[in-house]
Amino acid sequence: MKTSDTIKIKDFKNYSIEQLMGISINNEMSSEALIEGVGAIGTLLFEASCADNDETTKDTLGKIGLLIQESIIIAKALDDNVYYSSEEIKRRSAPPQSK
């Protein structure tokens with residue numbers, strides 16, 4: 001099972017509007033924090049690669065690479081939760097369609 005499958009919410013209909021709003025807000029904040037953190041790591045690695053006396057090992061770089069890969073998957077799942085919880089709120093808030 002993929003990491004995103006365990007994080008991503010499957011059915012938004014089981015949550016109240018208040019819970020959906022909390023999911024949307026908290027997942028958005030987490031997603032943004034992950035993206036910003038990964039960006040900072042990228043900047044740090046770029047700057048380190050420009051230094052003549054960098055002693056970063058391949059093992060360390062490999063661990064950072066795995067962190068970045070997993071962080072992107074998690075951020076995407078959180079972002080999906082934001083989208084679908086917002087859509088469920090809109091669906092519930094929409095006036096009934098006349099026939």
# chains A, B, ... in the order shown; residues from 1 in each chain; ligands from 1
call {"tool": "closest_atom_pairs", "arguments": {"of": "segment 4-26 of chain A", "to": "segment 78-95 of chain A", "cutoff": "7 Å", "atoms": "only C-alpha atoms", "output": "JSON lines"}}
result
{"residue": "A:Lys8", "atom": "CA", "partner": "A:Asn81", "partner_atom": "CA", "distance": 6.3}
{"residue": "A:Ile9", "atom": "CA", "partner": "A:Asn81", "partner_atom": "CA", "distance": 6.3}
{"residue": "A:Phe12", "atom": "CA", "partner": "A:Ser85", "partner_atom": "CA", "distance": 6.2}
{"residue": "A:Ile17", "atom": "CA", "partner": "A:Ile89", "partner_atom": "CA", "distance": 6.1}
{"residue": "A:Leu20", "atom": "CA", "partner": "A:Ser85", "partner_atom": "CA", "distance": 5.3}
{"residue": "A:Ile23", "atom": "CA", "partner": "A:Val82", "partner_atom": "CA", "distance": 6.7}
{"residue": "A:Ser24", "atom": "CA", "partner": "A:Val82", "partner_atom": "CA", "distance": 4.2}
call {"tool": "select_by_dssp", "arguments": {"residues": "chain A", "states": "helix (DSSP H, G or I)", "output": "ChimeraX atom specification"}}
result
/A:3-7,12-14,17-49,58-93
call {"tool": "atom_distance", "arguments": {"atom1": "atom CA of Leu61 of chain A", "atom2": "atom CA of Ala75 of chain A"}}
result
20.7 Å
call {"tool": "atom_distance", "arguments": {"atom1": "atom CA of Leu67 of chain A", "atom2": "atom CA of Val38 of chain A"}}
result
8.3 Å
call {"tool": "closest_residue", "arguments": {"among": "A:Lys76, A:Cys50, A:Gly39, A:Glu28", "to": "Ile64 of chain A", "atoms": "only C-alpha atoms"}}
result
A:Gly39
call {"tool": "closest_residue", "arguments": {"among": "A:Ile41, A:Ala77, A:Ser30, A:Thr3", "to": "Gly65 of chain A", "atoms": "only C-alpha atoms"}}
result
A:Ile41
call {"tool": "atom_distance", "arguments": {"atom1": "atom CA of Ser31 of chain A", "atom2": "atom CA of Ile68 of chain A"}}
result
12.9 Å
call {"tool": "closest_residue", "arguments": {"among": "A:Ile35, A:Ser16, A:Lys10, A:Lys58", "to": "Glu70 of chain A", "atoms": "only C-alpha atoms"}}
result
A:Ile35
